[in-house]
$ cat data-v3.cif   # mmCIF, C-alpha atoms
data_input
loop_
_atom_site.label_atom_id
_atom_site.label_comp_id
_atom_site.auth_asym_id
_atom_site.auth_seq_id
_atom_site.Cartn_x
_atom_site.Cartn_y
_atom_site.Cartn_z
CA MET F 55 -12.54 18.17 16.60
CA THR F 56 -12.94 14.45 16.24
CA SER F 57 -15.64 14.31 13.60
CA PRO F 58 -15.47 16.71 10.67
CA MET F 59 -17.97 14.69 8.68
CA PHE F 60 -20.59 14.43 11.40
CA PRO F 61 -20.72 17.73 13.33
CA VAL F 62 -23.47 16.45 15.61
CA PHE F 63 -20.97 14.13 17.29
CA ASP F 64 -18.68 17.03 18.12
CA ILE F 65 -21.57 19.08 19.50
CA ALA F 66 -22.92 16.23 21.63
CA GLY F 67 -19.37 15.32 22.60
CA SER F 68 -18.69 18.79 23.96
CA ALA F 69 -21.74 18.41 26.19
CA LEU F 70 -20.63 14.96 27.35
CA THR F 71 -17.23 16.33 28.36
CA THR F 72 -18.71 19.38 30.06
CA HIS F 73 -21.25 17.43 32.08
CA ARG F 74 -18.69 14.85 33.04
CA ILE F 75 -16.52 17.65 34.41
CA TRP F 76 -19.56 19.00 36.23
CA MET F 77 -20.20 15.59 37.77
CA ASN F 78 -16.56 15.52 38.88
CA ALA F 79 -17.01 18.89 40.59
CA ILE F 80 -20.21 17.75 42.29
CA ALA F 81 -18.47 14.57 43.43
CA ASP F 82 -15.67 16.70 44.83
CA ASN F 83 -18.19 18.81 46.74
CA ILE F 84 -20.04 15.80 48.12
CA ALA F 85 -16.79 14.09 49.07
CA ASN F 86 -15.72 17.15 51.06
CA VAL F 87 -19.04 17.85 52.76
CA ASN F 88 -17.46 17.05 56.14
CA THR F 89 -14.02 18.55 55.54
CA VAL F 90 -13.21 20.65 58.56
CA LYS F 91 -10.67 23.45 58.41
CA SER F 92 -9.15 25.51 61.20
CA MET F 93 -10.11 29.17 61.57
CA ASP F 94 -6.91 30.48 60.02
CA GLN F 95 -7.68 28.74 56.71
CA PRO F 96 -10.54 29.20 54.25
CA ALA F 97 -13.26 26.60 54.51
CA TYR F 98 -13.71 24.00 51.79
CA GLN F 99 -15.25 26.07 49.02
CA GLU F 100 -18.02 24.68 46.87
CA ARG F 101 -16.88 24.14 43.27
CA PHE F 102 -19.01 25.70 40.51
CA ILE F 103 -18.38 24.96 36.85
CA ILE F 104 -19.00 27.94 34.56
CA ALA F 105 -20.08 26.69 31.13
CA GLN F 106 -20.37 28.72 27.97
CA GLU F 107 -21.82 28.03 24.53
CA LEU F 108 -19.31 27.55 21.73
CA PRO F 109 -19.53 29.53 18.50
CA SER F 110 -20.34 27.73 15.28
CA ARG F 111 -17.49 26.09 13.41
CA SER F 112 -15.98 27.81 10.42
CA GLY F 113 -17.52 26.67 7.17
CA ASP F 114 -20.83 25.82 8.77
CA PRO F 115 -23.52 27.03 6.34
CA VAL F 116 -26.26 27.44 8.92
CA GLY F 117 -24.29 28.90 11.81
CA VAL F 118 -25.69 26.60 14.47
CA GLY F 119 -23.40 26.61 17.51
CA GLY F 120 -20.54 24.29 18.33
CA GLY F 121 -21.88 23.01 21.63
CA VAL F 122 -20.73 23.87 25.13
CA ALA F 123 -17.47 24.07 27.01
CA PRO F 124 -16.46 24.64 30.62
CA VAL F 125 -14.60 27.94 30.80
CA ALA F 126 -13.94 28.45 34.48
CA VAL F 127 -14.21 26.96 37.93
CA GLU F 128 -15.59 29.33 40.53
CA LEU F 129 -15.16 28.78 44.22
CA GLY F 130 -17.91 29.38 46.71
CA ASP F 131 -18.02 30.76 50.21
CA ALA F 132 -14.60 30.85 51.89
CA GLU F 133 -16.01 31.76 55.29
CA GLY F 134 -17.91 28.53 55.61
CA ARG F 135 -20.07 27.76 58.62
CA VAL F 136 -18.24 28.58 61.80
CA VAL F 137 -19.04 25.86 64.30
CA TYR F 138 -18.25 25.47 67.98
CA ASP F 139 -16.42 22.14 68.29
CA PRO F 140 -13.78 22.34 71.07
CA GLN F 141 -12.97 18.60 70.93
CA ASN F 142 -11.82 18.90 67.32
CA PRO F 143 -7.99 18.87 67.03
CA LEU F 144 -8.24 21.74 64.52
CA ALA F 145 -10.21 23.99 66.87
CA ASP F 146 -8.64 27.32 67.78
CA LYS F 147 -8.53 28.77 71.33
CA ASN F 148 -12.25 29.58 71.09
CA GLY F 149 -13.12 26.04 70.05
CA LEU F 150 -14.23 27.15 66.59
CA VAL F 151 -13.71 25.34 63.31
CA ARG F 152 -14.87 25.99 59.78
CA ARG F 153 -17.19 23.64 57.99
CA PRO F 154 -18.10 24.03 54.31
CA ASN F 155 -21.11 26.16 53.55
CA MET F 156 -22.88 23.86 51.09
CA ASP F 157 -26.33 22.43 50.79
CA LEU F 158 -26.22 18.67 50.20
CA GLY F 159 -29.68 18.83 48.65
CA ASP F 160 -28.36 21.25 46.04
CA GLN F 161 -25.52 18.89 45.26
CA MET F 162 -27.84 15.92 44.77
CA THR F 163 -30.14 17.97 42.56
CA ASN F 164 -27.19 19.07 40.46
CA LEU F 165 -25.95 15.50 40.25
CA ILE F 166 -29.29 14.37 38.84
CA LEU F 167 -29.31 17.29 36.38
CA ALA F 168 -25.80 16.47 35.22
CA GLN F 169 -26.61 12.79 34.84
CA ARG F 170 -29.79 13.52 32.89
CA ALA F 171 -28.01 15.89 30.54
CA TYR F 172 -25.23 13.36 29.98
CA GLN F 173 -27.78 10.66 29.13
CA LEU F 174 -29.70 12.95 26.80
CA ASN F 175 -26.56 13.80 24.87
CA LEU F 176 -25.74 10.11 24.58
CA ALA F 177 -29.23 9.66 23.11
CA VAL F 178 -28.46 12.38 20.58
CA VAL F 179 -25.33 10.52 19.52
CA ASP F 180 -27.24 7.26 19.28
CA ARG F 181 -30.10 8.65 17.21
CA ALA F 182 -27.78 10.53 14.91
CA ARG F 183 -25.76 7.37 14.35
CA GLU F 184 -28.96 5.46 13.47
CA SER F 185 -30.02 8.17 11.04
CA TYR F 186 -26.68 8.17 9.27
CA GLN F 187 -26.71 4.39 9.06
CA GLN F 188 -30.09 4.54 7.37
CA ALA F 189 -28.70 7.04 4.91
CA LEU F 190 -25.94 4.55 4.17
CA ASN F 191 -28.59 1.93 3.40
CA ILE F 192 -30.23 3.93 0.59
CA ASN F 193 -29.67 1.38 -2.08
CA GLY F 194 -32.78 -0.28 -3.38
CA ARG F 195 -31.14 -3.63 -2.89
CA MET S 230 -8.30 -3.17 -12.20
CA LEU S 231 -8.77 -0.64 -9.39
CA ASP S 232 -9.28 2.88 -10.66
CA LEU S 233 -8.29 5.97 -8.69
CA THR S 234 -11.58 6.07 -6.79
CA MET S 235 -11.24 2.47 -5.64
CA GLN S 236 -7.63 3.04 -4.61
CA ALA S 237 -8.72 6.11 -2.62
CA ILE S 238 -11.44 4.09 -0.90
CA GLN S 239 -8.94 1.36 -0.09
CA ALA S 240 -6.47 3.88 1.35
CA SER S 241 -9.20 5.39 3.49
CA LEU S 242 -10.14 1.92 4.73
CA ASP S 243 -6.52 1.38 5.80
CA GLY S 244 -6.48 4.74 7.61
CA LEU S 245 -9.82 4.15 9.31
CA ALA S 246 -8.76 0.69 10.46
CA ALA S 247 -5.60 2.19 11.96
CA ARG S 248 -7.69 4.82 13.71
CA GLN S 249 -9.99 2.11 15.08
CA ARG S 250 -6.99 0.28 16.57
CA ILE S 251 -5.55 3.42 18.15
CA THR S 252 -8.94 4.32 19.64
CA ALA S 253 -9.23 0.84 21.17
CA GLN S 254 -5.73 1.19 22.58
CA ASN S 255 -6.56 4.60 24.06
CA LEU S 256 -9.70 3.25 25.68
CA ALA S 257 -7.83 0.25 27.09
CA ASN S 258 -5.34 2.68 28.63
CA SER S 259 -7.86 5.19 29.94
CA GLU S 260 -6.54 4.72 33.49
CA THR S 261 -2.88 3.98 32.81
CA PRO S 262 -0.65 6.52 34.56
CA GLY S 263 1.41 8.61 32.20
CA TYR S 264 -0.35 7.34 29.04
CA LEU S 265 -0.95 9.99 26.39
CA ALA S 266 -3.87 9.50 23.99
CA GLN S 267 -2.82 9.03 20.35
CA THR S 268 -4.50 10.02 17.11
CA VAL S 269 -4.32 8.83 13.50
CA SER S 270 -4.46 11.22 10.57
CA PHE S 271 -4.45 10.35 6.90
CA GLU S 272 -7.14 12.53 5.33
CA ASP S 273 -4.96 15.46 4.28
CA SER S 274 -2.24 13.20 2.93
CA LEU S 275 -4.80 11.20 0.95
CA SER S 276 -6.43 14.38 -0.33
CA ASN S 277 -3.09 15.68 -1.61
CA ALA S 278 -2.24 12.33 -3.20
CA ILE S 279 -5.58 12.18 -5.04
CA GLY S 280 -4.92 15.68 -6.33
CA ASP S 281 -1.69 14.35 -7.84
CA GLY S 282 -3.55 11.46 -9.45
CA HIS S 283 -2.34 8.53 -7.34
CA VAL S 284 -2.66 7.26 -3.78
CA SER S 285 0.74 5.67 -3.28
CA GLY S 286 2.05 8.73 -1.44
CA THR S 287 -0.60 8.52 1.29
CA GLU S 288 0.85 8.50 4.76
CA ILE S 289 -0.99 7.21 7.81
CA ALA S 290 0.53 9.28 10.61
CA THR S 291 0.11 8.98 14.36
CA GLY S 292 0.12 11.92 16.73
CA THR S 293 -1.09 12.91 20.17
CA THR S 294 -4.31 14.66 21.13
CA GLY S 295 -2.54 17.37 23.12
CA ASP S 296 -5.30 17.23 25.73
CA PRO S 297 -4.36 18.26 29.28
CA VAL S 298 -3.28 15.46 31.61
CA ASN S 299 -4.88 14.57 34.91
CA ILE S 300 -3.17 13.87 38.21
CA ASN S 301 -1.86 10.53 36.96
CA GLY S 302 -0.37 12.03 33.84
CA ASN S 303 -3.11 10.36 31.77
CA ASN S 304 -5.00 12.44 29.21
CA VAL S 305 -7.41 9.97 27.62
CA SER S 306 -10.85 11.55 27.15
CA VAL S 307 -13.24 8.61 27.21
CA ASP S 308 -16.04 10.71 25.70
CA ASN S 309 -13.93 11.75 22.73
CA GLU S 310 -12.62 8.24 22.14
CA THR S 311 -16.15 6.79 22.24
CA LEU S 312 -17.36 9.37 19.74
CA SER S 313 -14.33 8.68 17.59
CA MET S 314 -15.34 5.04 17.55
CA VAL S 315 -18.85 5.93 16.37
CA ASP S 316 -17.51 8.30 13.72
CA THR S 317 -14.91 5.82 12.45
CA GLY S 318 -17.48 3.02 12.41
CA LEU S 319 -19.87 5.02 10.23
CA ARG S 320 -17.14 6.11 7.87
CA TYR S 321 -15.85 2.54 7.57
CA GLN S 322 -19.37 1.42 6.71
CA LEU S 323 -19.60 4.17 4.10
CA ALA S 324 -16.25 3.19 2.59
CA THR S 325 -17.15 -0.50 2.31
CA GLU S 326 -20.48 0.53 0.74
CA SER S 327 -18.60 2.59 -1.82
CA MET S 328 -16.25 -0.27 -2.64
CA ASN S 329 -19.21 -2.64 -3.04
CA ASN S 330 -20.92 -0.18 -5.36
CA LYS S 331 -17.83 0.11 -7.55
CA PHE S 332 -17.46 -3.64 -7.85
CA ARG S 333 -21.15 -4.04 -8.56
CA ILE S 334 -20.93 -1.63 -11.47
CA LEU S 335 -17.96 -3.56 -12.82
CA HIS S 336 -19.90 -6.82 -12.51
CA ASP S 337 -22.90 -5.31 -14.27
CA SER S 338 -20.75 -4.08 -17.12
CA MET S 339 -19.13 -7.48 -17.57
CA ARG S 340 -22.08 -9.82 -17.35
CA GLN S 341 -23.66 -11.20 -20.46
CA ASP S 342 -27.29 -12.20 -20.30
CA LEU S 343 -27.51 -12.98 -23.97
CA MET U 133 -44.31 -36.26 -78.43
CA THR U 134 -42.21 -33.15 -77.89
CA ILE U 135 -41.76 -31.52 -74.44
CA SER U 136 -41.52 -27.84 -74.67
CA PRO U 137 -38.79 -26.23 -72.49
CA ILE U 138 -39.90 -24.53 -69.28
CA GLY U 139 -40.33 -20.92 -70.01
CA ASN U 140 -41.18 -18.13 -67.58
CA ILE U 141 -42.36 -20.17 -64.58
CA LEU U 142 -42.87 -17.11 -62.49
CA GLY U 143 -44.89 -15.45 -65.18
CA ALA U 144 -47.04 -18.62 -65.51
CA ALA U 145 -47.72 -18.54 -61.79
CA GLY U 146 -48.45 -14.85 -61.88
CA LEU U 147 -45.46 -13.81 -59.80
CA SER U 148 -42.90 -11.14 -60.57
CA PRO U 149 -39.19 -11.53 -59.86
CA LEU U 150 -38.04 -10.56 -56.34
CA GLN U 151 -37.07 -6.93 -55.89
CA GLY U 152 -34.05 -6.04 -53.78
CA THR U 153 -34.84 -6.82 -50.11
CA GLN U 154 -35.38 -3.91 -47.73
CA SER U 155 -32.53 -3.11 -45.32
CA ALA U 156 -32.26 -5.60 -42.47
CA THR U 157 -32.44 -2.90 -39.77
CA ALA U 158 -35.65 -1.51 -38.41
CA PRO U 159 -37.48 1.17 -40.36
CA THR U 160 -35.82 4.58 -40.15
CA GLY U 161 -38.39 6.03 -37.74
CA THR U 162 -37.79 3.67 -34.83
CA GLU U 163 -34.10 3.21 -35.66
CA ALA U 164 -33.41 6.87 -34.86
CA THR U 165 -35.34 6.59 -31.56
CA SER U 166 -33.60 3.48 -30.25
CA GLY U 167 -30.24 4.85 -31.28
CA ASN U 168 -30.91 8.06 -29.36
CA THR U 169 -32.06 6.20 -26.26
CA PHE U 170 -28.90 4.11 -26.32
CA THR U 171 -26.66 7.16 -26.73
CA GLN U 172 -28.42 9.06 -23.99
CA ALA U 173 -28.21 6.13 -21.59
CA LEU U 174 -24.49 5.84 -22.34
CA GLU U 175 -23.83 9.53 -21.72
CA ASN U 176 -25.88 9.44 -18.53
CA VAL U 177 -23.93 6.46 -17.22
CA GLN U 178 -20.57 8.17 -17.56
CA ALA U 179 -21.81 11.36 -15.86
CA SER U 180 -23.53 9.55 -13.01
CA GLN U 181 -20.53 7.26 -12.44
CA ASP U 182 -18.17 10.26 -12.40
CA ASN U 183 -20.43 12.05 -9.94
CA ALA U 184 -20.52 9.02 -7.64
CA ASP U 185 -16.71 8.71 -7.92
CA THR U 186 -16.18 12.35 -6.95
CA LEU U 187 -18.39 11.98 -3.90
CA ALA U 188 -16.73 8.69 -2.97
CA LYS U 189 -13.30 10.35 -3.04
CA ALA U 190 -14.64 13.24 -0.92
CA ALA U 191 -15.99 10.71 1.58
CA ALA U 192 -12.64 8.89 1.64
CA THR U 193 -10.80 12.08 2.57
CA GLY U 194 -13.38 13.01 5.20
CA ASN U 195 -14.70 16.02 3.29
CA LEU U 196 -18.27 14.90 2.68
CA THR U 197 -20.81 16.53 4.99
CA ASP U 198 -23.96 14.89 3.56
CA ILE U 199 -23.37 11.18 3.25
CA HIS U 200 -26.81 10.66 1.74
CA ALA U 201 -25.53 12.65 -1.25
CA TYR U 202 -23.03 9.88 -1.90
CA THR U 203 -25.44 6.98 -1.39
CA ILE U 204 -28.02 8.53 -3.68
CA ALA U 205 -25.42 9.26 -6.35
CA ALA U 206 -24.06 5.70 -6.07
CA THR U 207 -27.55 4.24 -6.43
CA GLU U 208 -28.16 6.40 -9.49
CA ALA U 209 -24.86 5.30 -11.06
CA SER U 210 -25.73 1.68 -10.37
CA LEU U 211 -29.19 2.01 -11.89
CA THR U 212 -28.06 3.83 -15.03
CA THR U 213 -25.39 1.19 -15.53
CA GLU U 214 -27.99 -1.55 -15.27
CA LEU U 215 -30.23 0.36 -17.68
CA THR U 216 -27.41 0.70 -20.19
CA VAL U 217 -26.54 -2.97 -19.90
CA ALA U 218 -30.19 -3.92 -20.39
CA VAL U 219 -30.52 -1.68 -23.44
CA ARG U 220 -27.29 -3.10 -24.86
CA ASP U 221 -28.50 -6.63 -24.27
CA ARG U 222 -31.81 -5.98 -26.03
CA ALA U 223 -30.07 -4.30 -28.94
CA VAL U 224 -27.64 -7.19 -29.37
CA GLU U 225 -30.49 -9.67 -29.02
CA SER U 226 -32.48 -7.94 -31.76
CA PHE U 227 -29.41 -7.82 -33.99
CA ASN U 228 -28.79 -11.53 -33.48
CA GLU U 229 -32.38 -12.37 -34.29
CA ILE U 230 -32.20 -10.42 -37.47
CA MET U 231 -28.90 -12.06 -38.39
CA ARG U 232 -30.58 -15.43 -37.88
CA MET U 233 -33.16 -14.52 -40.47
CA GLN U 234 -30.73 -15.16 -43.38
CA VAL U 235 -32.56 -16.35 -46.37
#

$ encode --input "data-v3.cif" --output "structure tokens"
Amino acid sequence: MTSPMFPVFDIAGSALTTHRIWMNAIADNIANVNTVKSMDQPAYQERFIIAQELPSRSGDPVGVGGGVAPVAVELGDAEGRVVYDPQNPLADKNGLVRRPNMDLGDQMTNLILAQRAYQLNLAVVDRARESYQQALNINGR
Amino acid sequence: MLDLTMQAIQASLDGLAARQRITAQNLANSETPGYLAQTVSFEDSLSNAIGDGHVSGTEIATGTTGDPVNINGNNVSVDNETLSMVDTGLRYQLATESMNNKFRILHDSMRQDL
Amino acid sequence: MTISPIGNILGAAGLSPLQGTQSATAPTGTEATSGNTFTQALENVQASQDNADTLAKAAATGNLTDIHAYTIAATEASLTTELTVAVRDRAVESFNEIMRMQV
């Protein structure tokens, strides 16, 4: 908890961290879109970040939540797409290899969603900071 | 000349300035392998000291965030450090405002427009 | 020719001797009012300054959730101080003017 006096920064901050972790997972997926595995291993499995809302902080009079946090990483399909590729050094005696079962379009969509959410939470921090600065200027001078 | 309130404000300014420096150091080392992010705490110490009627016992202590490390052994969370900068900046502004207000009241009490 | 001594000049001019002068302060009606205003302003100043101090200490220790509470309290303390100073200045000014009216 970095900001006991300004809870909004902690709430927005939790979202910034969570979406940054999501972007890391998406980057991992995109980086491994062509990772080939042999048949005796699981394919590269798509990473999913499971996020959960945080309960409100103790002492909060209104009981608004504490933001969001990543609670688990789930792995996707281990079977992958079985592809016939006999020239591949990893191919088994049938010439089959495993490729990841992921949709690149999904990954790009998620990347845009994660980026948008990150930017929106930055805007929250910015606007809140401006509001508090105006409160500090209540002076009449 | 400085009453307890002004001493408390001054102590908080010292603590906030220290926190600002540590945050800058953490951000500068956000990619350094093996670097652990540090924190500054002074609020509880200051609160206890004020309760005793003085601020001379206030301690500005450094610690670590305890966040998990990444592959390089680095655990700096850039998001948290950036937010810490915003938070510290606002609180520093508030503290300097308070100090100005106290001095202004002293000025007003002393001036003579007779 | 004989010159008679000067007798009751005042009586000749139709004047009577001066009575004791009235008190130099303002009449009792307005005196009570200005005194009350001054006392009230003084009491207000102490309370509003203490309130601002409490909030400033809370802000210094990171315990203040509504920072506008502090800035409003500080502005109020500043204004009541200025009011008290202005009232004091006027009161002293009036006193000086009256002291200048020595006969």

$ interface_residues --input "data-v3.cif" --of "chain U" --to "chain F" --cutoff "10 Å" --atoms "all atoms listed in the file" --output "MDAnalysis selection string"
chainID U and resid 191 193:208 210:211

$ closest_atom_pairs --input "data-v3.cif" --of "chain S" --to "chain F" --cutoff "10 Å" --atoms "all atoms listed in the file" --output "Markdown table"
| residue | atom | partner | partner_atom | distance |
| --- | --- | --- | --- | --- |
| S:Thr268 | CA | F:Thr56 | CA | 9.6 |
| S:Thr294 | CA | F:Thr56 | CA | 9.9 |
| S:Ser306 | CA | F:Thr71 | CA | 8.1 |
| S:Val307 | CA | F:Thr71 | CA | 8.8 |
| S:Asp308 | CA | F:Thr71 | CA | 6.3 |
| S:Asn309 | CA | F:Gly67 | CA | 6.5 |
| S:Glu310 | CA | F:Thr56 | CA | 8.6 |
| S:Thr311 | CA | F:Gly67 | CA | 9.1 |
| S:Leu312 | CA | F:Phe63 | CA | 6.5 |
| S:Ser313 | CA | F:Thr56 | CA | 6.1 |
| S:Met314 | CA | F:Thr56 | CA | 9.8 |
| S:Val315 | CA | F:Arg183 | CA | 7.3 |
| S:Asp316 | CA | F:Ser57 | CA | 6.3 |
| S:Thr317 | CA | F:Ser57 | CA | 8.6 |
| S:Gly318 | CA | F:Arg183 | CA | 9.6 |
| S:Leu319 | CA | F:Gln187 | CA | 7.0 |
| S:Arg320 | CA | F:Met59 | CA | 8.7 |
| S:Gln322 | CA | F:Leu190 | CA | 7.7 |
| S:Leu323 | CA | F:Leu190 | CA | 6.4 |
| S:Ala324 | CA | F:Leu190 | CA | 9.9 |
| S:Glu326 | CA | F:Leu190 | CA | 7.6 |
| S:Ser327 | CA | F:Leu190 | CA | 9.7 |
| S:Asn330 | CA | F:Asn193 | CA | 9.5 |

$ axis_aligned_box --input "data-v3.cif" --around "stretch 182-189 of chain U" --padding-each-side "3 Å" --output "lines of an AutoDock Vina configuration file"
center_x = -16.9
center_y = 10.5
center_z = -7.7
size_x = 13.2
size_y = 9.7
size_z = 15.4

$ closest_residue --input "data-v3.cif" --among "S:Ala257, S:Val284, S:Ala247, S:Ile334" --to "chain U" --atoms "all atoms listed in the file"
S:Ile334

$ atom_distance --input "data-v3.cif" --atom1 "atom CA of S:Arg250" --atom2 "atom CA of S:Ile279"
24.7 Å

$ closest_residue --input "data-v3.cif" --among "S:Ala290, S:Leu233, S:Leu335, S:Ile238" --to "chain U" --atoms "all atoms listed in the file"
S:Ile238

$ atom_distance --input "data-v3.cif" --atom1 "atom CA of F:Leu129" --atom2 "atom CA of F:Asn155"
11.4 Å

$ interface_residues --input "data-v3.cif" --of "chain S" --to "chain U" --cutoff "10 Å" --atoms "only C-alpha atoms" --output "PyMOL selection string"
chain S and resi 232-242+244-245+271-277+279+319-321+323-324+326-328+330-331+333-335+337-343

$ atom_distance --input "data-v3.cif" --atom1 "atom CA of F:Met162" --atom2 "atom CA of F:Val137"
23.6 Å

$ residues_around --input "data-v3.cif" --residues "F:Pro140" --least-positions-apart "3" --cutoff "9 Å" --atoms "all atoms listed in the file" --output "JSON, numbers by chain"
{"F": [143, 144, 145, 146, 147, 148, 149, 150, 151]}

$ write_last_selection --input "data-v3.cif" --atoms "C-alpha atoms" --output "compact mmCIF listing (two decimals), in the frame of the given file"
# COMPACT_ATOMS: atom_id res chain seq x y z
CA PRO F 143 -7.99 18.87 67.03
CA LEU F 144 -8.24 21.74 64.52
CA ALA F 145 -10.21 23.99 66.87
CA ASP F 146 -8.64 27.32 67.78
CA LYS F 147 -8.53 28.77 71.33
CA ASN F 148 -12.25 29.58 71.09
CA GLY F 149 -13.12 26.04 70.05
CA LEU F 150 -14.23 27.15 66.59
CA VAL F 151 -13.71 25.34 63.31

$ resolve_selection --input "data-v3.cif" --expression "the PyMOL selection byres ((chain F and resi 131) around 12)" --output "PyMOL selection string"
chain F and resi 96-102+128-130+132-136+152-157

$ residues_around --input "data-v3.cif" --residues "S:Ile251" --least-positions-apart "5" --cutoff "9 Å" --atoms "all atoms listed in the file" --output "PyMOL selection string"
chain S and resi 246+256+266-269+291

$ residues_around --input "data-v3.cif" --residues "S:Pro262" --least-positions-apart "4" --cutoff "8 Å" --atoms "all atoms listed in the file" --output "ChimeraX atom specification"
/S:301-303

$ closest_residue --input "data-v3.cif" --among "F:Asn175, F:Asn142, F:Gln161, F:Gln106" --to "F:Ala85" --atoms "all atoms listed in the file"
F:Gln161
